[in-house]
$ cat model_22.pdb   # PDB, C-alpha atoms, pLDDT in the B column
MODEL        1
ATOM      1  CA  MET A   1      71.338  19.752 120.970  1.00 88.00           C
ATOM      2  CA  GLU A   2      71.223  19.991 124.754  1.00 94.00           C
ATOM      3  CA  ALA A   3      71.764  22.812 127.243  1.00 97.00           C
ATOM      4  CA  ILE A   4      72.155  23.311 130.980  1.00 97.00           C
ATOM      5  CA  ILE A   5      70.470  25.922 133.164  1.00 96.00           C
ATOM      6  CA  LEU A   6      71.894  26.406 136.657  1.00 94.00           C
ATOM      7  CA  ALA A   7      68.909  27.023 138.909  1.00 91.00           C
ATOM      8  CA  GLY A   8      70.029  26.167 142.411  1.00 84.00           C
ATOM      9  CA  GLY A   9      69.649  29.724 143.729  1.00 73.00           C
ATOM     10  CA  ARG A  10      67.539  30.018 146.890  1.00 72.00           C
ATOM     11  CA  ALA A  11      66.341  33.588 146.242  1.00 67.00           C
ATOM     12  CA  GLU A  12      67.447  34.745 149.687  1.00 71.00           C
ATOM     13  CA  ARG A  13      68.065  38.344 148.574  1.00 71.00           C
ATOM     14  CA  LEU A  14      64.679  38.484 146.861  1.00 75.00           C
ATOM     15  CA  GLY A  15      62.981  37.776 150.182  1.00 75.00           C
ATOM     16  CA  GLU A  16      59.185  37.880 150.110  1.00 74.00           C
ATOM     17  CA  ALA A  17      59.225  39.091 146.488  1.00 70.00           C
ATOM     18  CA  ALA A  18      60.156  35.542 145.432  1.00 68.00           C
ATOM     19  CA  LEU A  19      56.874  34.182 146.869  1.00 73.00           C
ATOM     20  CA  ASP A  20      58.784  31.127 148.148  1.00 75.00           C
ATOM     21  CA  ARG A  21      59.877  30.176 144.622  1.00 84.00           C
ATOM     22  CA  PRO A  22      63.414  29.441 143.386  1.00 88.00           C
ATOM     23  CA  LYS A  23      64.970  32.401 141.579  1.00 87.00           C
ATOM     24  CA  ALA A  24      64.703  30.755 138.172  1.00 90.00           C
ATOM     25  CA  LEU A  25      60.948  30.364 138.652  1.00 91.00           C
ATOM     26  CA  VAL A  26      60.043  33.852 139.906  1.00 89.00           C
ATOM     27  CA  ASP A  27      57.287  35.507 137.894  1.00 90.00           C
ATOM     28  CA  ILE A  28      58.350  37.858 135.093  1.00 90.00           C
ATOM     29  CA  ALA A  29      55.351  39.316 133.258  1.00 89.00           C
ATOM     30  CA  GLY A  30      53.281  36.229 133.978  1.00 88.00           C
ATOM     31  CA  LYS A  31      55.894  33.594 133.108  1.00 91.00           C
ATOM     32  CA  PRO A  32      58.721  31.929 135.033  1.00 92.00           C
ATOM     33  CA  LEU A  33      62.065  33.636 134.469  1.00 92.00           C
ATOM     34  CA  ALA A  34      63.559  30.433 133.064  1.00 92.00           C
ATOM     35  CA  ALA A  35      60.804  30.282 130.427  1.00 92.00           C
ATOM     36  CA  TYR A  36      62.460  33.185 128.598  1.00 91.00           C
ATOM     37  CA  GLN A  37      65.760  31.304 128.661  1.00 92.00           C
ATOM     38  CA  LEU A  38      64.056  28.214 127.268  1.00 93.00           C
ATOM     39  CA  ALA A  39      62.666  30.334 124.438  1.00 90.00           C
ATOM     40  CA  LEU A  40      66.145  31.598 123.524  1.00 91.00           C
ATOM     41  CA  LEU A  41      67.535  28.073 123.707  1.00 93.00           C
ATOM     42  CA  ALA A  42      64.767  26.764 121.446  1.00 92.00           C
ATOM     43  CA  ARG A  43      65.622  29.404 118.844  1.00 90.00           C
ATOM     44  CA  ALA A  44      69.204  28.094 118.881  1.00 92.00           C
ATOM     45  CA  GLY A  45      68.003  24.590 118.115  1.00 93.00           C
ATOM     46  CA  VAL A  46      68.145  23.171 121.644  1.00 94.00           C
ATOM     47  CA  GLU A  47      65.675  20.328 122.149  1.00 93.00           C
ATOM     48  CA  ARG A  48      66.487  19.208 125.701  1.00 96.00           C
ATOM     49  CA  VAL A  49      67.514  21.249 128.747  1.00 96.00           C
ATOM     50  CA  VAL A  50      68.978  19.856 131.963  1.00 97.00           C
ATOM     51  CA  VAL A  51      68.054  22.119 134.885  1.00 96.00           C
ATOM     52  CA  GLY A  52      70.359  21.856 137.880  1.00 95.00           C
ATOM     53  CA  CYS A  53      68.301  22.661 140.970  1.00 93.00           C
ATOM     54  CA  ALA A  54      68.219  21.998 144.699  1.00 91.00           C
ATOM     55  CA  ALA A  55      67.305  18.461 145.731  1.00 91.00           C
ATOM     56  CA  GLY A  56      63.559  18.102 146.176  1.00 91.00           C
ATOM     57  CA  GLN A  57      62.658  20.749 143.573  1.00 92.00           C
ATOM     58  CA  GLU A  58      62.882  18.510 140.508  1.00 95.00           C
ATOM     59  CA  ALA A  59      59.131  17.970 140.111  1.00 95.00           C
ATOM     60  CA  LEU A  60      58.447  21.679 140.633  1.00 93.00           C
ATOM     61  CA  PHE A  61      60.804  22.729 137.848  1.00 94.00           C
ATOM     62  CA  GLU A  62      59.588  20.089 135.422  1.00 94.00           C
ATOM     63  CA  SER A  63      55.921  20.990 135.976  1.00 92.00           C
ATOM     64  CA  GLU A  64      56.447  24.772 135.909  1.00 91.00           C
ATOM     65  CA  LEU A  65      58.554  24.682 132.736  1.00 93.00           C
ATOM     66  CA  ALA A  66      56.595  22.044 130.834  1.00 89.00           C
ATOM     67  CA  GLY A  67      55.325  23.200 127.453  1.00 85.00           C
ATOM     68  CA  PHE A  68      57.801  26.035 127.040  1.00 86.00           C
ATOM     69  CA  GLY A  69      59.636  24.521 124.076  1.00 84.00           C
ATOM     70  CA  PRO A  70      62.507  22.147 124.876  1.00 91.00           C
ATOM     71  CA  GLU A  71      62.116  19.051 127.014  1.00 93.00           C
ATOM     72  CA  VAL A  72      63.111  19.830 130.606  1.00 95.00           C
ATOM     73  CA  ALA A  73      64.926  17.324 132.819  1.00 95.00           C
ATOM     74  CA  ALA A  74      65.529  18.628 136.344  1.00 95.00           C
ATOM     75  CA  VAL A  75      68.436  17.216 138.353  1.00 95.00           C
ATOM     76  CA  GLY A  76      68.600  17.918 142.081  1.00 94.00           C
ATOM     77  CA  GLU A  77      71.979  18.521 143.721  1.00 91.00           C
ATOM     78  CA  PRO A  78      72.292  16.504 146.951  1.00 88.00           C
ATOM     79  CA  GLU A  79      74.173  19.454 148.466  1.00 88.00           C
ATOM     80  CA  PRO A  80      75.346  22.889 147.232  1.00 87.00           C
ATOM     81  CA  LEU A  81      78.207  22.255 144.829  1.00 90.00           C
ATOM     82  CA  GLY A  82      78.931  25.772 143.560  1.00 91.00           C
ATOM     83  CA  ARG A  83      78.477  26.865 139.976  1.00 91.00           C
ATOM     84  CA  GLY A  84      81.270  24.736 138.562  1.00 94.00           C
ATOM     85  CA  GLY A  85      80.290  21.692 140.566  1.00 94.00           C
ATOM     86  CA  GLY A  86      76.658  22.254 139.643  1.00 94.00           C
ATOM     87  CA  LEU A  87      77.505  22.338 135.942  1.00 94.00           C
ATOM     88  CA  ARG A  88      79.536  19.151 136.217  1.00 95.00           C
ATOM     89  CA  PHE A  89      76.748  17.397 138.140  1.00 95.00           C
ATOM     90  CA  ALA A  90      74.036  18.484 135.684  1.00 95.00           C
ATOM     91  CA  ALA A  91      76.167  17.511 132.662  1.00 95.00           C
ATOM     92  CA  ARG A  92      75.990  13.881 133.773  1.00 94.00           C
ATOM     93  CA  ALA A  93      72.289  13.888 132.892  1.00 94.00           C
ATOM     94  CA  ARG A  94      72.921  14.620 129.210  1.00 94.00           C
ATOM     95  CA  ARG A  95      71.854  11.993 126.725  1.00 92.00           C
ATOM     96  CA  GLU A  96      74.513  12.793 124.134  1.00 89.00           C
ATOM     97  CA  GLU A  97      78.080  14.003 124.047  1.00 91.00           C
ATOM     98  CA  GLY A  98      79.136  17.188 122.288  1.00 92.00           C
ATOM     99  CA  ASP A  99      78.988  20.928 122.743  1.00 94.00           C
ATOM    100  CA  VAL A 100      76.484  22.220 125.272  1.00 96.00           C
ATOM    101  CA  LEU A 101      75.137  25.691 126.036  1.00 96.00           C
ATOM    102  CA  ALA A 102      75.042  26.663 129.724  1.00 96.00           C
ATOM    103  CA  LEU A 103      73.268  29.564 131.431  1.00 95.00           C
ATOM    104  CA  ASN A 104      72.705  30.931 134.912  1.00 92.00           C
ATOM    105  CA  GLY A 105      69.012  30.655 135.746  1.00 89.00           C
ATOM    106  CA  ASP A 106      68.630  34.116 137.284  1.00 88.00           C
ATOM    107  CA  GLU A 107      69.288  36.370 134.275  1.00 90.00           C
ATOM    108  CA  LEU A 108      67.294  37.932 131.461  1.00 91.00           C
ATOM    109  CA  LEU A 109      69.156  38.367 128.168  1.00 91.00           C
ATOM    110  CA  ALA A 110      68.477  38.883 124.475  1.00 89.00           C
ATOM    111  CA  LEU A 111      71.551  36.917 123.415  1.00 93.00           C
ATOM    112  CA  ASP A 112      71.784  35.133 120.063  1.00 93.00           C
ATOM    113  CA  LEU A 113      72.789  31.716 121.367  1.00 95.00           C
ATOM    114  CA  ALA A 114      73.122  30.257 117.878  1.00 95.00           C
ATOM    115  CA  ALA A 115      75.748  32.893 117.083  1.00 96.00           C
ATOM    116  CA  LEU A 116      77.569  32.081 120.335  1.00 96.00           C
ATOM    117  CA  LEU A 117      77.635  28.402 119.460  1.00 96.00           C
ATOM    118  CA  ALA A 118      78.777  29.089 115.911  1.00 95.00           C
ATOM    119  CA  ARG A 119      81.632  31.262 117.158  1.00 95.00           C
ATOM    120  CA  HIS A 120      82.626  28.599 119.675  1.00 97.00           C
ATOM    121  CA  ARG A 121      82.847  25.946 116.957  1.00 95.00           C
ATOM    122  CA  GLU A 122      84.594  28.272 114.520  1.00 95.00           C
ATOM    123  CA  THR A 123      87.469  28.937 116.933  1.00 95.00           C
ATOM    124  CA  GLY A 124      87.775  25.358 118.156  1.00 95.00           C
ATOM    125  CA  ALA A 125      87.901  26.563 121.746  1.00 96.00           C
ATOM    126  CA  ALA A 126      87.364  24.229 124.676  1.00 97.00           C
ATOM    127  CA  ALA A 127      84.994  26.818 126.128  1.00 97.00           C
ATOM    128  CA  THR A 128      83.585  30.170 125.052  1.00 97.00           C
ATOM    129  CA  VAL A 129      82.377  32.655 127.638  1.00 97.00           C
ATOM    130  CA  THR A 130      79.925  35.445 126.823  1.00 97.00           C
ATOM    131  CA  VAL A 131      81.220  38.817 128.002  1.00 96.00           C
ATOM    132  CA  THR A 132      79.478  42.153 128.261  1.00 93.00           C
ATOM    133  CA  ARG A 133      80.133  45.677 129.482  1.00 90.00           C
ATOM    134  CA  PRO A 134      77.766  46.637 132.308  1.00 85.00           C
ATOM    135  CA  ARG A 135      76.638  50.197 132.825  1.00 83.00           C
ATOM    136  CA  SER A 136      78.043  52.082 135.792  1.00 83.00           C
ATOM    137  CA  PRO A 137      75.433  52.439 138.562  1.00 80.00           C
ATOM    138  CA  PHE A 138      76.411  56.106 138.971  1.00 84.00           C
ATOM    139  CA  GLY A 139      75.482  59.072 136.800  1.00 86.00           C
ATOM    140  CA  VAL A 140      78.254  61.290 135.435  1.00 88.00           C
ATOM    141  CA  VAL A 141      78.880  64.829 136.697  1.00 92.00           C
ATOM    142  CA  GLU A 142      80.677  66.927 134.068  1.00 92.00           C
ATOM    143  CA  LEU A 143      83.182  69.442 135.439  1.00 94.00           C
ATOM    144  CA  ALA A 144      85.071  72.391 133.980  1.00 91.00           C
ATOM    145  CA  ASP A 145      88.766  72.982 134.689  1.00 91.00           C
ATOM    146  CA  ASP A 146      87.856  75.258 137.621  1.00 88.00           C
ATOM    147  CA  ASP A 147      85.555  72.555 139.067  1.00 86.00           C
ATOM    148  CA  ALA A 148      82.381  74.320 138.012  1.00 88.00           C
ATOM    149  CA  VAL A 149      79.632  71.777 137.373  1.00 93.00           C
ATOM    150  CA  VAL A 150      78.619  72.138 133.731  1.00 92.00           C
ATOM    151  CA  GLY A 151      76.200  69.284 133.364  1.00 92.00           C
ATOM    152  CA  PHE A 152      74.923  65.825 134.218  1.00 91.00           C
ATOM    153  CA  ARG A 153      74.431  62.801 132.022  1.00 88.00           C
ATOM    154  CA  GLU A 154      73.489  59.180 132.292  1.00 85.00           C
ATOM    155  CA  ALA A 155      76.036  56.615 133.381  1.00 81.00           C
ATOM    156  CA  ASP A 156      78.538  55.312 130.841  1.00 81.00           C
ATOM    157  CA  LEU A 157      79.278  51.708 130.018  1.00 81.00           C
ATOM    158  CA  LEU A 158      82.249  50.485 131.993  1.00 82.00           C
ATOM    159  CA  PRO A 159      85.385  49.900 129.907  1.00 84.00           C
ATOM    160  CA  GLN A 160      85.929  46.401 131.306  1.00 88.00           C
ATOM    161  CA  TRP A 161      84.306  43.254 129.950  1.00 93.00           C
ATOM    162  CA  VAL A 162      82.700  40.882 132.454  1.00 92.00           C
ATOM    163  CA  SER A 163      81.289  37.377 132.203  1.00 94.00           C
ATOM    164  CA  CYS A 164      77.485  37.290 132.104  1.00 92.00           C
ATOM    165  CA  GLY A 165      77.294  33.591 132.905  1.00 92.00           C
ATOM    166  CA  VAL A 166      76.450  32.175 129.478  1.00 96.00           C
ATOM    167  CA  TYR A 167      78.830  29.655 127.929  1.00 96.00           C
ATOM    168  CA  ALA A 168      79.393  27.204 125.122  1.00 96.00           C
ATOM    169  CA  LEU A 169      81.254  24.226 126.547  1.00 97.00           C
ATOM    170  CA  GLY A 170      82.985  21.382 124.748  1.00 96.00           C
ATOM    171  CA  GLU A 171      83.789  17.964 126.176  1.00 96.00           C
ATOM    172  CA  GLU A 172      87.274  19.044 127.278  1.00 96.00           C
ATOM    173  CA  ALA A 173      85.860  21.911 129.334  1.00 96.00           C
ATOM    174  CA  LEU A 174      83.135  19.742 130.852  1.00 96.00           C
ATOM    175  CA  ALA A 175      85.711  17.160 131.914  1.00 95.00           C
ATOM    176  CA  ALA A 176      87.792  19.891 133.561  1.00 96.00           C
ATOM    177  CA  LEU A 177      84.956  21.297 135.695  1.00 95.00           C
ATOM    178  CA  PRO A 178      85.509  20.994 139.449  1.00 95.00           C
ATOM    179  CA  GLU A 179      83.526  18.582 141.608  1.00 92.00           C
ATOM    180  CA  ARG A 180      82.580  21.604 143.684  1.00 91.00           C
ATOM    181  CA  GLY A 181      83.401  25.309 143.550  1.00 91.00           C
ATOM    182  CA  ASP A 182      83.400  28.012 140.875  1.00 93.00           C
ATOM    183  CA  HIS A 183      84.655  27.150 137.387  1.00 95.00           C
ATOM    184  CA  GLU A 184      85.474  30.816 136.674  1.00 93.00           C
ATOM    185  CA  ARG A 185      88.127  30.621 139.411  1.00 93.00           C
ATOM    186  CA  THR A 186      89.515  27.221 138.485  1.00 94.00           C
ATOM    187  CA  THR A 187      88.647  25.676 135.122  1.00 95.00           C
ATOM    188  CA  PHE A 188      88.473  28.837 133.044  1.00 95.00           C
ATOM    189  CA  PRO A 189      91.800  30.341 134.203  1.00 96.00           C
ATOM    190  CA  ALA A 190      93.473  27.002 133.473  1.00 96.00           C
ATOM    191  CA  LEU A 191      91.963  26.845 129.977  1.00 96.00           C
ATOM    192  CA  ALA A 192      92.941  30.486 129.356  1.00 96.00           C
ATOM    193  CA  ALA A 193      96.535  29.708 130.312  1.00 96.00           C
ATOM    194  CA  GLU A 194      96.518  26.959 127.673  1.00 96.00           C
ATOM    195  CA  GLY A 195      95.006  29.243 125.021  1.00 95.00           C
ATOM    196  CA  LYS A 196      91.776  27.214 124.926  1.00 97.00           C
ATOM    197  CA  LEU A 197      89.294  29.812 126.202  1.00 97.00           C
ATOM    198  CA  ARG A 198      87.573  32.340 123.931  1.00 96.00           C
ATOM    199  CA  ALA A 199      85.142  35.202 124.507  1.00 97.00           C
ATOM    200  CA  PHE A 200      81.945  36.130 122.705  1.00 97.00           C
ATOM    201  CA  ARG A 201      81.195  39.858 122.989  1.00 96.00           C
ATOM    202  CA  TYR A 202      77.610  40.826 123.716  1.00 94.00           C
ATOM    203  CA  GLU A 203      76.289  44.359 124.183  1.00 90.00           C
ATOM    204  CA  GLY A 204      72.557  43.735 124.440  1.00 88.00           C
ATOM    205  CA  LEU A 205      70.208  43.563 127.382  1.00 88.00           C
ATOM    206  CA  TRP A 206      71.530  41.876 130.524  1.00 90.00           C
ATOM    207  CA  LEU A 207      69.365  41.974 133.632  1.00 90.00           C
ATOM    208  CA  THR A 208      70.228  39.949 136.701  1.00 88.00           C
ATOM    209  CA  VAL A 209      67.383  39.073 139.080  1.00 88.00           C
ATOM    210  CA  ASN A 210      68.825  38.974 142.589  1.00 85.00           C
ATOM    211  CA  THR A 211      66.915  41.679 144.480  1.00 89.00           C
ATOM    212  CA  PRO A 212      63.314  42.985 144.552  1.00 91.00           C
ATOM    213  CA  LYS A 213      64.470  46.063 142.624  1.00 90.00           C
ATOM    214  CA  GLU A 214      66.023  43.939 139.885  1.00 90.00           C
ATOM    215  CA  LEU A 215      62.925  41.744 139.778  1.00 91.00           C
ATOM    216  CA  ARG A 216      60.741  44.815 139.191  1.00 91.00           C
ATOM    217  CA  ALA A 217      63.125  46.083 136.506  1.00 90.00           C
ATOM    218  CA  ALA A 218      62.978  42.754 134.645  1.00 90.00           C
ATOM    219  CA  ASP A 219      59.185  42.610 134.888  1.00 91.00           C
ATOM    220  CA  GLU A 220      58.800  46.203 133.705  1.00 91.00           C
ATOM    221  CA  HIS A 221      61.171  45.646 130.784  1.00 90.00           C
ATOM    222  CA  VAL A 222      59.290  42.632 129.463  1.00 90.00           C
ATOM    223  CA  ARG A 223      55.884  44.284 129.888  1.00 90.00           C
ATOM    224  CA  SER A 224      57.051  47.445 128.099  1.00 89.00           C
ATOM    225  CA  HIS A 225      58.657  45.561 125.203  1.00 82.00           C
ATOM    226  CA  PRO A 226      56.084  43.411 123.387  1.00 72.00           C
ATOM    227  CA  GLU A 227      58.812  41.777 121.325  1.00 72.00           C
ATOM    228  CA  TRP A 228      59.944  40.005 124.475  1.00 68.00           C
ATOM    229  CA  LEU A 229      56.558  38.399 124.814  1.00 56.00           C
ATOM    230  CA  ASP A 230      56.780  37.530 121.119  1.00 55.00           C
ATOM    231  CA  VAL A 231      60.103  35.761 121.783  1.00 49.00           C
ATOM    232  CA  GLY A 232      58.268  33.581 124.238  1.00 46.00           C
ATOM    233  CA  GLU A 233      55.415  32.857 121.870  1.00 44.00           C
ATOM    234  CA  SER A 234      57.770  31.954 119.039  1.00 41.00           C
ATOM    235  CA  ALA A 235      59.134  29.089 121.108  1.00 39.00           C
ATOM    236  CA  GLY A 236      55.867  27.928 122.544  1.00 38.00           C
ATOM    237  CA  VAL A 237      56.186  29.995 125.734  1.00 39.00           C
TER     238      VAL A 237
ENDMDL
END

$ encode --input "model_22.pdb" --output "structure tokens"
Amino acid sequence: MEAIILAGGRAERLGEAALDRPKALVDIAGKPLAAYQLALLARAGVERVVVGCAAGQEALFESELAGFGPEVAAVGEPEPLGRGGGLRFAARARREEGDVLALNGDELLALDLAALLARHRETGAAATVTVTRPRSPFGVVELADDDAVVGFREADLLPQWVSCGVYALGEEALAALPERGDHERTTFPALAAEGKLRAFRYEGLWLTVNTPKELRAADEHVRSHPEWLDVGESAGV
């Protein structure tokens, strides 16, 4: 079983907090962010991971992620290809055909990837996209009919489902990926129109790491939840 991690992000919004490292390699509780993704992939039975990165960073990724479970093969994009183009380019480095798991390299999740893959195969979909409901960034002000403020409470989950950038992709979906651009604007709408796209609902932790604030939140979460460190240890992280 193979997987793909998209790790071409340049960490521009992280600024100095990235310490001149690609986003997928920023430090989270003493380990590269992508190490936690490798641990989840290992638990799903993945033995080899193709990491799509910027050209010239291949050796860095392979050395930084060595020993974290699956074999890591880094593939450098000669130029920015977009997420869809990056997936297509990285998929060429697979050793075997068949279903593949794909993740964005700048996220922290507690997703059961084996369950995602099982659901994908059960439905026979060309592609299965993991969807979640993010929490509103705003707290709720409770009002009476006369506009008197009667209380405050934490933000609710939004009613809409959004893609969190984790997929199970079959050969048909891989072949339909664009040479460059975003697959969620091209390939996925086309597959949906043909009834070949399915969703896998996920309501667990989803932390993106795009800003210094989000980086601190991810680091604090892992350090305050020992089971996250255990996830890493269980896969050799």

$ closest_residue --input "model_22.pdb" --among "A:Asp112, A:Glu79, A:Glu122, A:Asp156" --to "Ala39 (chain A)" --atoms "only C-alpha atoms"
A:Asp112

$ residues_near_point --input "model_22.pdb" --point "(64.2, 18.1, 132.4)" --cutoff "8 Å" --atoms "all atoms listed in the file" --output "PDB file with C-alpha atoms, in the frame of the given file"
ATOM      1  CA  ARG A  48      66.487  19.208 125.701  1.00 96.00           C
ATOM      2  CA  VAL A  49      67.514  21.249 128.747  1.00 96.00           C
ATOM      3  CA  VAL A  50      68.978  19.856 131.963  1.00 97.00           C
ATOM      4  CA  VAL A  51      68.054  22.119 134.885  1.00 96.00           C
ATOM      5  CA  PHE A  61      60.804  22.729 137.848  1.00 94.00           C
ATOM      6  CA  GLU A  62      59.588  20.089 135.422  1.00 94.00           C
ATOM      7  CA  GLU A  71      62.116  19.051 127.014  1.00 93.00           C
ATOM      8  CA  VAL A  72      63.111  19.830 130.606  1.00 95.00           C
ATOM      9  CA  ALA A  73      64.926  17.324 132.819  1.00 95.00           C
ATOM     10  CA  ALA A  74      65.529  18.628 136.344  1.00 95.00           C
ATOM     11  CA  VAL A  75      68.436  17.216 138.353  1.00 95.00           C
TER      12      VAL A  75
END

$ resolve_selection --input "model_22.pdb" --expression "the PyMOL selection byres ((chain A and resi 2-14) around 6)" --output "list in words"
Met1, Gly15, Ala17, Ala18, Pro22, Lys23, Ala24, Val46, Arg48, Val49, Val50, Val51, Gly52, Cys53, Ala54, Val100, Leu101, Ala102, Leu103, Asn104, Gly105, Asn210, Thr211 and Pro212 of chain A

$ atom_distance --input "model_22.pdb" --atom1 "CA of Ser163 (chain A)" --atom2 "CA of Ala110 (chain A)"
15.0 Å

$ axis_aligned_box --input "model_22.pdb" --around "region 187-194 of chain A" --padding-each-side "4 Å" --output "AutoDock Vina command-line options"
--center_x 92.5 --center_y 28.1 --center_z 131.4 --size_x 16.1 --size_y 12.8 --size_z 15.4

$ closest_residue --input "model_22.pdb" --among "A:Ala127, A:Arg135, A:Glu171, A:Asp147" --to "Arg92 (chain A)" --atoms "all atoms listed in the file"
A:Glu171

$ build_atoms --input "model_22.pdb" --residues "region 187-201 of chain A" --atoms "N, CA and C atoms" --output "PDB file, in the frame of the given file"
ATOM      1  N   THR A 187      88.597  26.236 136.472  1.00 95.00           N
ATOM      2  CA  THR A 187      88.647  25.676 135.122  1.00 95.00           C
ATOM      3  C   THR A 187      88.978  26.725 134.066  1.00 95.00           C
ATOM      4  N   PHE A 188      88.273  27.838 134.094  1.00 95.00           N
ATOM      5  CA  PHE A 188      88.473  28.837 133.044  1.00 95.00           C
ATOM      6  C   PHE A 188      89.869  29.453 133.061  1.00 95.00           C
ATOM      7  N   PRO A 189      90.420  29.842 134.223  1.00 96.00           N
ATOM      8  CA  PRO A 189      91.800  30.341 134.203  1.00 96.00           C
ATOM      9  C   PRO A 189      92.793  29.318 133.664  1.00 96.00           C
ATOM     10  N   ALA A 190      92.566  28.037 133.979  1.00 96.00           N
ATOM     11  CA  ALA A 190      93.473  27.002 133.473  1.00 96.00           C
ATOM     12  C   ALA A 190      93.368  26.882 131.957  1.00 96.00           C
ATOM     13  N   LEU A 191      92.141  26.919 131.432  1.00 96.00           N
ATOM     14  CA  LEU A 191      91.963  26.845 129.977  1.00 96.00           C
ATOM     15  C   LEU A 191      92.550  28.084 129.295  1.00 96.00           C
ATOM     16  N   ALA A 192      92.387  29.247 129.929  1.00 96.00           N
ATOM     17  CA  ALA A 192      92.941  30.486 129.356  1.00 96.00           C
ATOM     18  C   ALA A 192      94.469  30.405 129.268  1.00 96.00           C
ATOM     19  N   ALA A 193      95.079  29.829 130.305  1.00 96.00           N
ATOM     20  CA  ALA A 193      96.535  29.708 130.312  1.00 96.00           C
ATOM     21  C   ALA A 193      97.024  28.797 129.193  1.00 96.00           C
ATOM     22  N   GLU A 194      96.168  27.873 128.767  1.00 96.00           N
ATOM     23  CA  GLU A 194      96.518  26.959 127.673  1.00 96.00           C
ATOM     24  C   GLU A 194      96.068  27.479 126.309  1.00 96.00           C
ATOM     25  N   GLY A 195      95.464  28.674 126.284  1.00 95.00           N
ATOM     26  CA  GLY A 195      95.006  29.243 125.021  1.00 95.00           C
ATOM     27  C   GLY A 195      93.761  28.577 124.479  1.00 95.00           C
ATOM     28  N   LYS A 196      92.951  27.969 125.362  1.00 97.00           N
ATOM     29  CA  LYS A 196      91.776  27.214 124.926  1.00 97.00           C
ATOM     30  C   LYS A 196      90.456  27.877 125.294  1.00 97.00           C
ATOM     31  N   LEU A 197      90.505  29.100 125.801  1.00 97.00           N
ATOM     32  CA  LEU A 197      89.294  29.812 126.202  1.00 97.00           C
ATOM     33  C   LEU A 197      89.100  31.021 125.301  1.00 97.00           C
ATOM     34  N   ARG A 198      87.890  31.193 124.778  1.00 96.00           N
ATOM     35  CA  ARG A 198      87.573  32.340 123.931  1.00 96.00           C
ATOM     36  C   ARG A 198      86.399  33.117 124.522  1.00 96.00           C
ATOM     37  N   ALA A 199      86.239  34.345 124.048  1.00 97.00           N
ATOM     38  CA  ALA A 199      85.142  35.202 124.507  1.00 97.00           C
ATOM     39  C   ALA A 199      84.212  35.523 123.343  1.00 97.00           C
ATOM     40  N   PHE A 200      82.962  35.702 123.673  1.00 97.00           N
ATOM     41  CA  PHE A 200      81.945  36.130 122.705  1.00 97.00           C
ATOM     42  C   PHE A 200      81.368  37.442 123.229  1.00 97.00           C
ATOM     43  N   ARG A 201      81.611  38.534 122.513  1.00 96.00           N
ATOM     44  CA  ARG A 201      81.195  39.858 122.989  1.00 96.00           C
ATOM     45  C   ARG A 201      79.709  40.087 122.735  1.00 96.00           C
TER      46      ARG A 201
END
